[in-house]
Amino acid sequence: MKPESAPHFLNRLAILFGALLVGFMVLISWQFWADERTEQVRQLSTVLELTERSADRSLLQLEAALGGLAQELSGGNVVMEPGAAAQLLRDFKDARPDLHAVCLLSPEGAPLASSWRSGPTFCVDPERSFLDTALSAARSQPGRVSLARPMYDAARQQWVVPVSRVLREPAGQVLAVLSAQVPVELLQAIWGNAPVAQSTSVGLILDNGYLLGRHPLPSHVRPEQAYGIPRSGSLQQHLLANGHPERGYVEGVNQLGQGETYVNVYARLAHFPATVFAAIPLQAIRSAWWQRVRVPFGLLGLLGILAVAGHQYTLHRQRVFNAAQSRNHHALMASEAEQRFLVEHLMAGVVIHSPDGAVRRCNPQACQLLGLTADQVQGKAMIDPAWQFLSDDGVRMPPEDYPVARVIRSLKPITDLLVGVTQPNQEQPHWLLCNAYPELNPLGKLKQVVVLFIDITARRLAEQTLERSEHRYRMLYENNLDGVLQTQPGGRVLAANPAACAIFGLTEAELCAADRSTLMDYADPRLATLLKRRAKEGRAQGEITMLRGDGSRFEAEISSVIYHSAQGEELASVVLRDVTDRRRAAMALAAKELAEKANQAKTDFVASMSHELRTPLNAILGFAEVMRLDPRESLSPTQTERLQHIHRAGKHLLSLINDLLQLSRIEAGNIGLELDAFDPLALAREVVGETAPAAMEAQLSLLLQPVGSALPLLIGDRLRIKQILLNLLSNAVKYNRPGGQVHLAVQVDEAGLRLTVRDTGLGMTSSQLEGMFQPFNRLGRESSRIEGTGIGLVITRGLIDLMNGQLQVQSEPGQGSCFELQLPLQWAKAPMTSQQQASSLPGQTAASEAGIRRVIYVDDDEVNRVLMEGFLALRPDLALTVTSSGTEALSLARQDRPDLLLVDMMMPGMNGLQVLQAMRADERLRSVPCIAVSANAMPQEIAQALAAGFDGYVTKPVMASVLHTEIDRALQASTLNPPPA
């Protein structure tokens, strides 16, 4: 570029920069608007998802509650008894204080009963708004509740939403309409705690356009304006026009927003004719967009101002530079003419550079040494990329380290600098010895730089070969993990590597000063044998005993070779390795394997004994429970008491078996944790509820703190924590005194879960505290009448250690004990899983709806078959067929397909797993649910059975409630998923 054209180029560049700046401002403005709009819609979608779930769940819970109340009203013709019906409605209202009222109306609209104890009942529906809605919904969806438009209770000045359910006779005739009046404030509270932005609103709208709730309600809107008339805004129009889609997005004018344009995100409830929406004014999005974009706009404006100032300054500097460049050009031309003759006739390579590093001149020898032409050296022709300058270590040299660059930078000469040159089509570089000198003018300024090259490639290659050889052997010597000694045949050490020094615990100088007698144990007969073999064969290897610097002995594996040095001196190389730790490790490994085998043998023995004990226990506890539950056999009080003794003793023996199994699993390290979110306060209430009967029988007060306040959800193994808490509470009850107290405190903080069990019982001495966690140690209470095994606290301590928890115990004789448990659990970030919230299935529901269900039970033990007949005799809705072999069970199933198959796992001939495989291989019997009934109670055995395809697993001894619940669950699952026709 000519000097005079540079200002014109800068002006055009400034214009282009200004255009780019304006375009960038427009682009960033549009991008920020799109990002802000997308972010707001995403936040609305998040709020909508939370609101949709909570609204649908709350309405389903209310529907279930009304269904239960409807069954109570329908049963026993309570509808026709106003007094009884009113009492049921008031009890229901007391249980649900969040409801406004509960009413019972005739199909014609006449009030039959109300939950109000005084005042106007507000149960009349003169316009038949919710009566017609309920009757219409009952025809299309029997058993479901209906939602009607909000109504106003003038007497109590409250808007309510009628949630109604139709009551029918068994013949199908409508008896009455049950209506729960839900305050609109309750619906608003469903999502009142949702993460809603200040300008965001959420609400619920019926398909007919009536609002069921909106949060927050605008301050300028009266409730009658919001709930008294149907909505016809852009959202309702969109829903009607598209047939109420499941979810979507729409923009438009909001009727309650004073004509503002709103962005709406909506989703239809899964179980009710209503749509949840979340909306935000478009103006709020614009405001948020401006808050984001104004700072970048200001910075871009400032950048434009700085660019204009920089442009003017650059123009000025360019003019100054052009003038200086013209003067320097004339000076350089004169200097080059003076030096040309000298450079052309030198034998060494010479390159002359200007102060800015440009090549002014080079002689032919320089081009030859560098492998470049004159035009390439002076930059007039392209250089092959394979050509490079190398530093003395063979690494590519950066331009700033070139000899000329260093001289220009420091103004000092460089002598004897080694550089390499890699030329195209050459495998090895050429090495040059470089000298560079600066030439200064009278003013001390750099005039030019003279660089000279001499070829030393042959010498360099010889030095590198020698250096690599020495380095390779030195690395092998220094970094060898084995000790290496260089000795004379007589044993004097000449050199030692670091590994040898570490093995002997001596420095290299100390090893060189020592002789063979201080390093080797001459009492070891293997030493003499090894030395003789080396003297005869020139090499030998084996194991001998050696001595460290401190005199301690160690076993060493050595290899020694005799060789001659370059001077002809006979030397020996000794390589040694300390094998003491290896031998110890081998012994430790053998001991560990022996201990594991013993532990496994103990576990197998306990599991086998558990199976053998559970089989007779199944008969003892099972027949005791059948006798207690069978209404056809009445027992005398004495027989009942004796039966309770049998049952209690059997349960105690079963508890002992389970404790022994769990203790064995803990000691073997075969117990794991199943982590999930759980409510610690709900768990505490559950444990207190299970312990309460024993506390009442012992005349104790059982207190829980806190009573009603909610606690955060935690992540942990709920079953193991419950077991720990049951052990501590049961001990506090058993070892207490009549009229005493047991306190359970539950706390959640940043450290996790803290459980404190405090009692006013017998207390413990210091010696009892020391033996508290010893297996089968009952702390001196073996002779008391209190049942116990002495392993409950051992299991508790093992479970606490498994969860990295801490247990602190304080006790005083006669004053009581305090157990404080700290578990480092994390807070749950998500709601409780469906597994935690699942409720038990109602008994006999599937069976009752489908009539008599056919069940086959196969077990080779006759006692177990008789017991199963007794258990299922308690269920008139089940028809049982028993058989003693898997082959007979399959034959019976193929003759008449059963609804359920109960299978014992351990049978001669065809075992339970083989029966299951045959059932699943039969296309007609494949979908029949199969439940394993077995005395194998080890977790891995249960897991293997379920993984093989069993639909359930019941362990012996069988409890009637557990068996019936498992049967109902399997039958209901098969009813919901019937086999293909």
# chains A, B, ... in the order shown; residues from 1 in each chain; ligands from 1
call {"tool": "residues_around", "arguments": {"residues": "Gly740 of chain A", "least_positions_apart": "4", "cutoff": "7 Å", "atoms": "only C-alpha atoms", "output": "ChimeraX atom specification"}}
result
/A:700-701,736,760-761
call {"tool": "residues_around", "arguments": {"residues": "Pro355 of chain A", "least_positions_apart": "4", "cutoff": "12 Å", "atoms": "only C-alpha atoms", "output": "list in words"}}
result
Asn328, Ala331, Leu332, Val359, Arg360, Val404, Ala405, Arg406, Val407, Ile408, Arg409, Ser410, Leu411, Tyr437, Pro438, Glu439, Leu440, Asn441, Lys445, Leu446, Lys447, Gln448, Val449 and Val450 of chain A
call {"tool": "write_last_selection", "arguments": {"atoms": "C-alpha atoms", "output": "PDB file, in the first residue's frame"}}
result
ATOM      1  CA  ASN A 328      14.795   5.597   6.143  1.00  0.00           C
ATOM      2  CA  ALA A 331      19.513   5.744   4.126  1.00  0.00           C
ATOM      3  CA  LEU A 332      19.175   2.002   3.676  1.00  0.00           C
ATOM      4  CA  VAL A 359      17.068  -9.176   4.977  1.00  0.00           C
ATOM      5  CA  ARG A 360      19.081  -6.641   3.072  1.00  0.00           C
ATOM      6  CA  VAL A 404      18.557 -11.481  14.466  1.00  0.00           C
ATOM      7  CA  ALA A 405      15.461 -10.920  16.638  1.00  0.00           C
ATOM      8  CA  ARG A 406      17.458 -11.384  19.819  1.00  0.00           C
ATOM      9  CA  VAL A 407      20.148  -8.944  18.680  1.00  0.00           C
ATOM     10  CA  ILE A 408      17.580  -6.328  17.630  1.00  0.00           C
ATOM     11  CA  ARG A 409      15.882  -6.730  20.993  1.00  0.00           C
ATOM     12  CA  SER A 410      19.004  -6.581  23.164  1.00  0.00           C
ATOM     13  CA  LEU A 411      21.494  -4.688  20.918  1.00  0.00           C
ATOM     14  CA  TYR A 437      26.591  -8.752  15.757  1.00  0.00           C
ATOM     15  CA  PRO A 438      24.729  -5.421  15.912  1.00  0.00           C
ATOM     16  CA  GLU A 439      26.145  -2.401  13.995  1.00  0.00           C
ATOM     17  CA  LEU A 440      25.272   0.932  15.613  1.00  0.00           C
ATOM     18  CA  ASN A 441      25.344   4.430  14.103  1.00  0.00           C
ATOM     19  CA  LYS A 445      20.980   3.524  17.137  1.00  0.00           C
ATOM     20  CA  LEU A 446      20.915   0.129  15.431  1.00  0.00           C
ATOM     21  CA  LYS A 447      22.014   0.418  11.846  1.00  0.00           C
ATOM     22  CA  GLN A 448      22.017  -3.228  10.813  1.00  0.00           C
ATOM     23  CA  VAL A 449      22.634  -6.779  12.101  1.00  0.00           C
ATOM     24  CA  VAL A 450      25.218  -9.137  10.616  1.00  0.00           C
TER      25      VAL A 450
END
call {"tool": "residues_around", "arguments": {"residues": "Gln291 of chain A", "least_positions_apart": "4", "cutoff": "12 Å", "atoms": "only C-alpha atoms", "output": "ChimeraX atom specification"}}
result
/A:29,32-33,36,284-287,295-298
call {"tool": "write_last_selection", "arguments": {"atoms": "all heavy atoms", "output": "short mmCIF file (atom, residue, chain, number, x, y, z; two decimals), in the first residue's frame"}}
result
data_model
loop_
_atom_site.label_atom_id
_atom_site.label_comp_id
_atom_site.auth_asym_id
_atom_site.auth_seq_id
_atom_site.Cartn_x
_atom_site.Cartn_y
_atom_site.Cartn_z
N SER A 29 -30.25 -6.22 19.87
CA SER A 29 -31.56 -5.85 20.38
C SER A 29 -32.58 -6.93 20.08
O SER A 29 -33.35 -7.34 20.95
CB SER A 29 -32.00 -4.51 19.76
OG SER A 29 -33.32 -4.20 20.13
N PHE A 32 -31.77 -10.13 22.21
CA PHE A 32 -32.16 -10.00 23.62
C PHE A 32 -33.67 -10.10 23.76
O PHE A 32 -34.18 -10.66 24.74
CB PHE A 32 -31.68 -8.66 24.17
CG PHE A 32 -30.26 -8.69 24.65
CD1 PHE A 32 -29.36 -9.62 24.15
CD2 PHE A 32 -29.81 -7.83 25.64
CE1 PHE A 32 -28.06 -9.66 24.59
CE2 PHE A 32 -28.52 -7.86 26.09
CZ PHE A 32 -27.63 -8.78 25.56
N TRP A 33 -34.41 -9.53 22.80
CA TRP A 33 -35.88 -9.62 22.85
C TRP A 33 -36.33 -11.08 22.72
O TRP A 33 -37.19 -11.55 23.46
CB TRP A 33 -36.50 -8.75 21.76
CG TRP A 33 -37.98 -8.99 21.61
CD1 TRP A 33 -38.61 -9.65 20.61
CD2 TRP A 33 -39.00 -8.56 22.52
NE1 TRP A 33 -39.96 -9.66 20.81
CE2 TRP A 33 -40.24 -9.00 21.99
CE3 TRP A 33 -38.99 -7.86 23.70
CZ2 TRP A 33 -41.45 -8.74 22.61
CZ3 TRP A 33 -40.21 -7.60 24.33
CH2 TRP A 33 -41.41 -8.04 23.79
N GLU A 36 -35.38 -12.94 25.97
CA GLU A 36 -36.24 -12.58 27.11
C GLU A 36 -37.63 -13.18 26.95
O GLU A 36 -38.22 -13.70 27.91
CB GLU A 36 -36.33 -11.04 27.22
CG GLU A 36 -37.12 -10.56 28.43
CD GLU A 36 -36.47 -11.00 29.74
OE1 GLU A 36 -35.24 -11.10 29.78
OE2 GLU A 36 -37.21 -11.25 30.71
N ALA A 284 -44.61 -6.35 30.63
CA ALA A 284 -43.60 -6.79 31.60
C ALA A 284 -42.40 -7.40 30.89
O ALA A 284 -41.25 -7.22 31.30
CB ALA A 284 -44.22 -7.82 32.57
N ILE A 285 -42.65 -8.12 29.79
CA ILE A 285 -41.54 -8.68 29.02
C ILE A 285 -40.72 -7.56 28.39
O ILE A 285 -39.49 -7.60 28.34
CB ILE A 285 -42.07 -9.64 27.95
CG1 ILE A 285 -42.86 -10.79 28.61
CG2 ILE A 285 -40.94 -10.21 27.11
CD1 ILE A 285 -43.45 -11.77 27.62
N ARG A 286 -41.43 -6.52 27.88
CA ARG A 286 -40.70 -5.39 27.29
C ARG A 286 -39.83 -4.71 28.33
O ARG A 286 -38.68 -4.33 28.06
CB ARG A 286 -41.70 -4.38 26.70
CG ARG A 286 -42.48 -4.89 25.49
CD ARG A 286 -43.19 -3.73 24.79
NE ARG A 286 -44.07 -4.21 23.74
CZ ARG A 286 -45.39 -4.33 23.87
NH1 ARG A 286 -45.96 -3.99 25.03
NH2 ARG A 286 -46.13 -4.75 22.87
N SER A 287 -40.37 -4.54 29.55
CA SER A 287 -39.59 -3.87 30.61
C SER A 287 -38.36 -4.69 30.95
O SER A 287 -37.26 -4.14 31.11
CB SER A 287 -40.47 -3.68 31.85
OG SER A 287 -41.59 -2.87 31.56
N VAL A 295 -27.74 -1.49 29.05
CA VAL A 295 -26.31 -1.43 29.33
C VAL A 295 -25.48 -1.75 28.08
O VAL A 295 -24.54 -1.01 27.74
CB VAL A 295 -25.95 -2.37 30.49
CG1 VAL A 295 -24.44 -2.44 30.68
CG2 VAL A 295 -26.61 -1.89 31.77
N PRO A 296 -25.79 -2.84 27.33
CA PRO A 296 -25.05 -3.07 26.08
C PRO A 296 -25.17 -1.91 25.09
O PRO A 296 -24.21 -1.56 24.41
CB PRO A 296 -25.68 -4.35 25.52
CG PRO A 296 -26.22 -5.06 26.71
CD PRO A 296 -26.67 -3.99 27.63
N PHE A 297 -26.36 -1.27 25.01
CA PHE A 297 -26.53 -0.13 24.11
C PHE A 297 -25.59 1.01 24.51
O PHE A 297 -24.97 1.67 23.68
CB PHE A 297 -27.97 0.34 24.14
CG PHE A 297 -28.86 -0.41 23.19
CD1 PHE A 297 -28.41 -1.56 22.55
CD2 PHE A 297 -30.14 0.00 22.93
CE1 PHE A 297 -29.20 -2.27 21.69
CE2 PHE A 297 -30.96 -0.69 22.06
CZ PHE A 297 -30.50 -1.84 21.44
N GLY A 298 -25.51 1.26 25.85
CA GLY A 298 -24.63 2.34 26.32
C GLY A 298 -23.17 2.04 26.02
O GLY A 298 -22.41 2.92 25.61
#
call {"tool": "atom_distance", "arguments": {"atom1": "atom CA of Ala84 of chain A", "atom2": "atom CA of Val174 of chain A"}}
result
19.2 Å
call {"tool": "closest_residue", "arguments": {"among": "A:His353, A:Lys412, A:Arg460, A:Arg584", "to": "Trp431 of chain A", "atoms": "only C-alpha atoms"}}
result
A:Arg460
call {"tool": "atom_distance", "arguments": {"atom1": "atom CA of Arg149 of chain A", "atom2": "atom CA of Asp98 of chain A"}}
result
18.8 Å
call {"tool": "closest_residue", "arguments": {"among": "A:Thr518, A:Asn497, A:Asn936, A:Asn727", "to": "Ser573 of chain A", "atoms": "only C-alpha atoms"}}
result
A:Asn497
call {"tool": "residues_around", "arguments": {"residues": "Arg926 of chain A", "least_positions_apart": "5", "cutoff": "10 Å", "atoms": "only C-alpha atoms", "output": "NGL selection string"}}
result
:A and (916-921 or 979)
call {"tool": "residues_around", "arguments": {"residues": "Gln225 of chain A", "least_positions_apart": "6", "cutoff": "12 Å", "atoms": "only C-alpha atoms", "output": "list in words"}}
result
Pro150, Tyr152, Trp159, Tyr210, Leu211, Leu217, Pro218, Ser219, Arg231, Gln255 and Leu256 of chain A
call {"tool": "residues_around", "arguments": {"residues": "Val748 of chain A", "least_positions_apart": "6", "cutoff": "9 Å", "atoms": "only C-alpha atoms", "output": "ChimeraX atom specification"}}
result
/A:680,711-712,714,754-755,827
call {"tool": "select_by_dssp", "arguments": {"residues": "segment 401-500 of chain A", "states": "strand (DSSP E)", "output": "VMD selection string"}}
result
chain A and resid 414 to 422 430 to 440 446 to 455 483 to 487 493 to 496
call {"tool": "closest_residue", "arguments": {"among": "A:Ala65, A:Val163, A:Leu673, A:Val855", "to": "Arg718 of chain A", "atoms": "only C-alpha atoms"}}
result
A:Leu673
call {"tool": "residues_around", "arguments": {"residues": "Gln236 of chain A", "least_positions_apart": "2", "cutoff": "10 Å", "atoms": "only C-alpha atoms", "output": "PyMOL selection string"}}
result
chain A and resi 205-210+230-234+238-242+244+254+275
call {"tool": "write_last_selection", "arguments": {"atoms": "N, CA and C atoms", "output": "PDB file, in the first residue's frame"}}
result
ATOM      1  N   ILE A 205     -59.739 -22.346  34.634  1.00  0.00           N
ATOM      2  CA  ILE A 205     -60.945 -21.935  33.925  1.00  0.00           C
ATOM      3  C   ILE A 205     -61.665 -23.167  33.413  1.00  0.00           C
ATOM      4  N   LEU A 206     -63.013 -23.179  33.610  1.00  0.00           N
ATOM      5  CA  LEU A 206     -63.835 -24.276  33.116  1.00  0.00           C
ATOM      6  C   LEU A 206     -63.994 -24.199  31.601  1.00  0.00           C
ATOM      7  N   ASP A 207     -64.447 -25.301  31.023  1.00  0.00           N
ATOM      8  CA  ASP A 207     -64.664 -25.307  29.574  1.00  0.00           C
ATOM      9  C   ASP A 207     -65.745 -24.318  29.163  1.00  0.00           C
ATOM     10  N   ASN A 208     -66.700 -24.000  30.085  1.00  0.00           N
ATOM     11  CA  ASN A 208     -67.768 -23.055  29.732  1.00  0.00           C
ATOM     12  C   ASN A 208     -67.347 -21.608  29.941  1.00  0.00           C
ATOM     13  N   GLY A 209     -66.090 -21.366  30.291  1.00  0.00           N
ATOM     14  CA  GLY A 209     -65.586 -20.005  30.387  1.00  0.00           C
ATOM     15  C   GLY A 209     -65.571 -19.433  31.771  1.00  0.00           C
ATOM     16  N   TYR A 210     -66.098 -20.104  32.784  1.00  0.00           N
ATOM     17  CA  TYR A 210     -66.103 -19.561  34.139  1.00  0.00           C
ATOM     18  C   TYR A 210     -64.759 -19.830  34.820  1.00  0.00           C
ATOM     19  N   PRO A 230     -69.042 -15.554  32.675  1.00  0.00           N
ATOM     20  CA  PRO A 230     -68.052 -16.338  31.911  1.00  0.00           C
ATOM     21  C   PRO A 230     -67.074 -15.428  31.201  1.00  0.00           C
ATOM     22  N   ARG A 231     -65.850 -15.956  31.013  1.00  0.00           N
ATOM     23  CA  ARG A 231     -64.792 -15.209  30.334  1.00  0.00           C
ATOM     24  C   ARG A 231     -64.910 -15.414  28.809  1.00  0.00           C
ATOM     25  N   SER A 232     -64.560 -14.341  28.093  1.00  0.00           N
ATOM     26  CA  SER A 232     -64.580 -14.448  26.625  1.00  0.00           C
ATOM     27  C   SER A 232     -63.338 -13.793  26.030  1.00  0.00           C
ATOM     28  N   GLY A 233     -62.268 -13.778  26.788  1.00  0.00           N
ATOM     29  CA  GLY A 233     -61.032 -13.167  26.322  1.00  0.00           C
ATOM     30  C   GLY A 233     -60.324 -14.039  25.294  1.00  0.00           C
ATOM     31  N   SER A 234     -59.105 -13.625  24.956  1.00  0.00           N
ATOM     32  CA  SER A 234     -58.358 -14.313  23.907  1.00  0.00           C
ATOM     33  C   SER A 234     -58.066 -15.767  24.278  1.00  0.00           C
ATOM     34  N   HIS A 238     -59.435 -18.893  22.130  1.00  0.00           N
ATOM     35  CA  HIS A 238     -58.474 -19.853  21.567  1.00  0.00           C
ATOM     36  C   HIS A 238     -58.844 -21.284  21.967  1.00  0.00           C
ATOM     37  N   LEU A 239     -59.235 -21.492  23.241  1.00  0.00           N
ATOM     38  CA  LEU A 239     -59.584 -22.837  23.693  1.00  0.00           C
ATOM     39  C   LEU A 239     -60.816 -23.360  22.963  1.00  0.00           C
ATOM     40  N   LEU A 240     -61.824 -22.505  22.790  1.00  0.00           N
ATOM     41  CA  LEU A 240     -63.038 -22.930  22.098  1.00  0.00           C
ATOM     42  C   LEU A 240     -62.750 -23.232  20.630  1.00  0.00           C
ATOM     43  N   ALA A 241     -61.953 -22.368  20.007  1.00  0.00           N
ATOM     44  CA  ALA A 241     -61.684 -22.548  18.578  1.00  0.00           C
ATOM     45  C   ALA A 241     -60.875 -23.823  18.314  1.00  0.00           C
ATOM     46  N   ASN A 242     -60.063 -24.269  19.253  1.00  0.00           N
ATOM     47  CA  ASN A 242     -59.205 -25.431  19.033  1.00  0.00           C
ATOM     48  C   ASN A 242     -59.682 -26.672  19.787  1.00  0.00           C
ATOM     49  N   HIS A 244     -60.367 -27.150  23.007  1.00  0.00           N
ATOM     50  CA  HIS A 244     -59.710 -27.338  24.306  1.00  0.00           C
ATOM     51  C   HIS A 244     -58.534 -28.319  24.222  1.00  0.00           C
ATOM     52  N   ASN A 254     -56.417  -9.539  27.659  1.00  0.00           N
ATOM     53  CA  ASN A 254     -56.946 -10.167  28.859  1.00  0.00           C
ATOM     54  C   ASN A 254     -58.064  -9.293  29.413  1.00  0.00           C
ATOM     55  N   THR A 275     -59.014 -26.010  32.494  1.00  0.00           N
ATOM     56  CA  THR A 275     -57.696 -25.704  31.943  1.00  0.00           C
ATOM     57  C   THR A 275     -56.950 -24.782  32.904  1.00  0.00           C
TER      58      THR A 275
END
call {"tool": "select_by_dssp", "arguments": {"residues": "segment 236-449 of chain A", "states": "alpha helix (DSSP H)", "output": "ChimeraX atom specification"}}
result
/A:236-241,282-344,364-370,374-377,403-410
call {"tool": "atom_distance", "arguments": {"atom1": "atom CA of Gln31 of chain A", "atom2": "atom CA of Ala309 of chain A"}}
result
29.0 Å
call {"tool": "closest_residue", "arguments": {"among": "A:Glu63, A:Glu81, A:Asp416, A:Glu820", "to": "Ala180 of chain A", "atoms": "only C-alpha atoms"}}
result
A:Glu63
